[in-house]
Amino acid sequence: MKTTKNGFDRVMTGYIGYNGASQRYNGVDAYQNGAILGTTATFYKNNFFNATTLSVGASTGEATSMYGSENYTMLLAGIANKTGYNFEFKEGRIILQPNFIISYTFVNTFDYTNAAGVRIESDPLNAIQLAPGIKLIGNTKNGWQPYLGVNMVWNLLQDAKVTANDVRLPEMSIRPYVQYGAGVQKNFKDDKITAYGQAMIHNGGRNGLALTLGFRWNIGK
């Protein structure tokens, strides 16, 4: 952490991650696997924080339908910003955190021929997501940090052009949805190591359960 102008403290971090997904819709089962690389700059001032993340990655997918299996490749990049404020109660043992996330995502699916022998061609997708939320966090004496969270998510998608053998396909859209759930994290060895887990339920335009497990290790002083 370094102190910058106007009384802000700054932390720079980098990360590498794995992405996996399983989806089922209209008789199609799809699986995706990929990797992502990114960096985050976080600024703190008293109880206020602001974090900006840049990322780039790639993913491969396999879809199975009544016609057979097909494979496709995607390239993605994005930028996201999260702003929040921590209202502390009981000397910091309880924190109420309103926050807001705005993100832009670029996804390019390379043209491919599907299992039915149809050539699928699509323009890159540009998407903006808005997600206001609130989180209730507890800080225990033994270092455990449980929390509850709820977010409202809006997805603003461009009119992406997708064609199958030169026939224009319907546009893709995602209706707004609510996500809510709980998580817990634990700090070890003077906050150098952090492990966490989270379960979030989605209702509305997207339904399901998202599970997240993570591990952070602070290297250096």
# chains A, B, ... in the order shown; residues from 1 in each chain; ligands from 1
>>> residues_around(residues="region 89-97 of chain A", least_positions_apart="2", cutoff="7 Å", atoms="only C-alpha atoms", output="PDB file with N, CA and C atoms, in the first residue's frame")
ATOM      1  N   GLY A  84     -17.523   1.858  -3.161  1.00  0.00           N
ATOM      2  CA  GLY A  84     -18.314   1.546  -1.989  1.00  0.00           C
ATOM      3  C   GLY A  84     -17.890   2.340  -0.774  1.00  0.00           C
ATOM      4  N   TYR A  85     -18.674   2.214   0.273  1.00  0.00           N
ATOM      5  CA  TYR A  85     -18.385   2.913   1.532  1.00  0.00           C
ATOM      6  C   TYR A  85     -18.749   1.973   2.675  1.00  0.00           C
ATOM      7  N   ASN A  86     -17.866   1.877   3.680  1.00  0.00           N
ATOM      8  CA  ASN A  86     -18.076   1.003   4.828  1.00  0.00           C
ATOM      9  C   ASN A  86     -18.586   1.798   6.027  1.00  0.00           C
ATOM     10  N   PHE A  87     -19.834   1.548   6.415  1.00  0.00           N
ATOM     11  CA  PHE A  87     -20.385   2.119   7.643  1.00  0.00           C
ATOM     12  C   PHE A  87     -20.117   1.129   8.772  1.00  0.00           C
ATOM     13  N   ASN A  99     -22.583  -0.557  -2.270  1.00  0.00           N
ATOM     14  CA  ASN A  99     -21.573  -0.526  -3.328  1.00  0.00           C
ATOM     15  C   ASN A  99     -22.230  -0.479  -4.698  1.00  0.00           C
ATOM     16  N   ILE A 134     -25.696  -4.184  -1.738  1.00  0.00           N
ATOM     17  CA  ILE A 134     -25.402  -3.882  -0.346  1.00  0.00           C
ATOM     18  C   ILE A 134     -24.932  -5.173   0.332  1.00  0.00           C
ATOM     19  N   LYS A 135     -23.970  -5.030   1.251  1.00  0.00           N
ATOM     20  CA  LYS A 135     -23.378  -6.186   1.914  1.00  0.00           C
ATOM     21  C   LYS A 135     -23.301  -5.925   3.414  1.00  0.00           C
ATOM     22  N   LEU A 136     -23.641  -6.943   4.203  1.00  0.00           N
ATOM     23  CA  LEU A 136     -23.533  -6.890   5.657  1.00  0.00           C
ATOM     24  C   LEU A 136     -22.397  -7.826   6.069  1.00  0.00           C
ATOM     25  N   ILE A 137     -21.362  -7.259   6.699  1.00  0.00           N
ATOM     26  CA  ILE A 137     -20.135  -7.996   6.993  1.00  0.00           C
ATOM     27  C   ILE A 137     -19.922  -8.062   8.498  1.00  0.00           C
ATOM     28  N   GLY A 138     -19.469  -9.207   8.968  1.00  0.00           N
ATOM     29  CA  GLY A 138     -19.112  -9.363  10.370  1.00  0.00           C
ATOM     30  C   GLY A 138     -17.624  -9.640  10.522  1.00  0.00           C
ATOM     31  N   ASN A 139     -16.990  -9.048  11.520  1.00  0.00           N
ATOM     32  CA  ASN A 139     -15.575  -9.285  11.827  1.00  0.00           C
ATOM     33  C   ASN A 139     -15.477  -9.932  13.203  1.00  0.00           C
ATOM     34  N   THR A 140     -15.086 -11.197  13.247  1.00  0.00           N
ATOM     35  CA  THR A 140     -14.991 -11.912  14.515  1.00  0.00           C
ATOM     36  C   THR A 140     -13.585 -11.804  15.098  1.00  0.00           C
TER      37      THR A 140
END
>>> select_by_dssp(residues="region 6-210 of chain A", states="strand (DSSP E or B)", output="ChimeraX atom specification")
/A:9-25,28-45,48-65,68-85,87-89,94-109,112-113,119-122,125-138,144-157,162-164,167-168,177-188,193-204,208-210
>>> closest_residue(among="A:Ala131, A:Val107, A:Ile219, A:Val11", to="Lys82 (chain A)", atoms="only C-alpha atoms")
A:Ala131
>>> closest_residue(among="A:Tyr72, A:Met152, A:Leu54, A:Ile36", to="Ser122 (chain A)", atoms="only C-alpha atoms")
A:Tyr72
>>> closest_residue(among="A:Thr73, A:Asn203, A:Thr83, A:Thr109", to="Asn126 (chain A)", atoms="only C-alpha atoms")
A:Thr109
>>> residues_around(residues="Thr52 (chain A)", least_positions_apart="3", cutoff="7 Å", atoms="only C-alpha atoms", output="list in words")
Thr40, Ala41, Thr42, Ala80, Asn81 and Lys82 of chain A
>>> residues_around(residues="Trp144 (chain A)", least_positions_apart="5", cutoff="10 Å", atoms="only C-alpha atoms", output="MDAnalysis selection string")
chainID A and resid 138:139 184:188 195:196
>>> atom_distance(atom1="CA of Gln145 (chain A)", atom2="CA of Tyr180 (chain A)")
17.3 Å
>>> atom_distance(atom1="CA of Val150 (chain A)", atom2="CA of Ala182 (chain A)")
8.9 Å
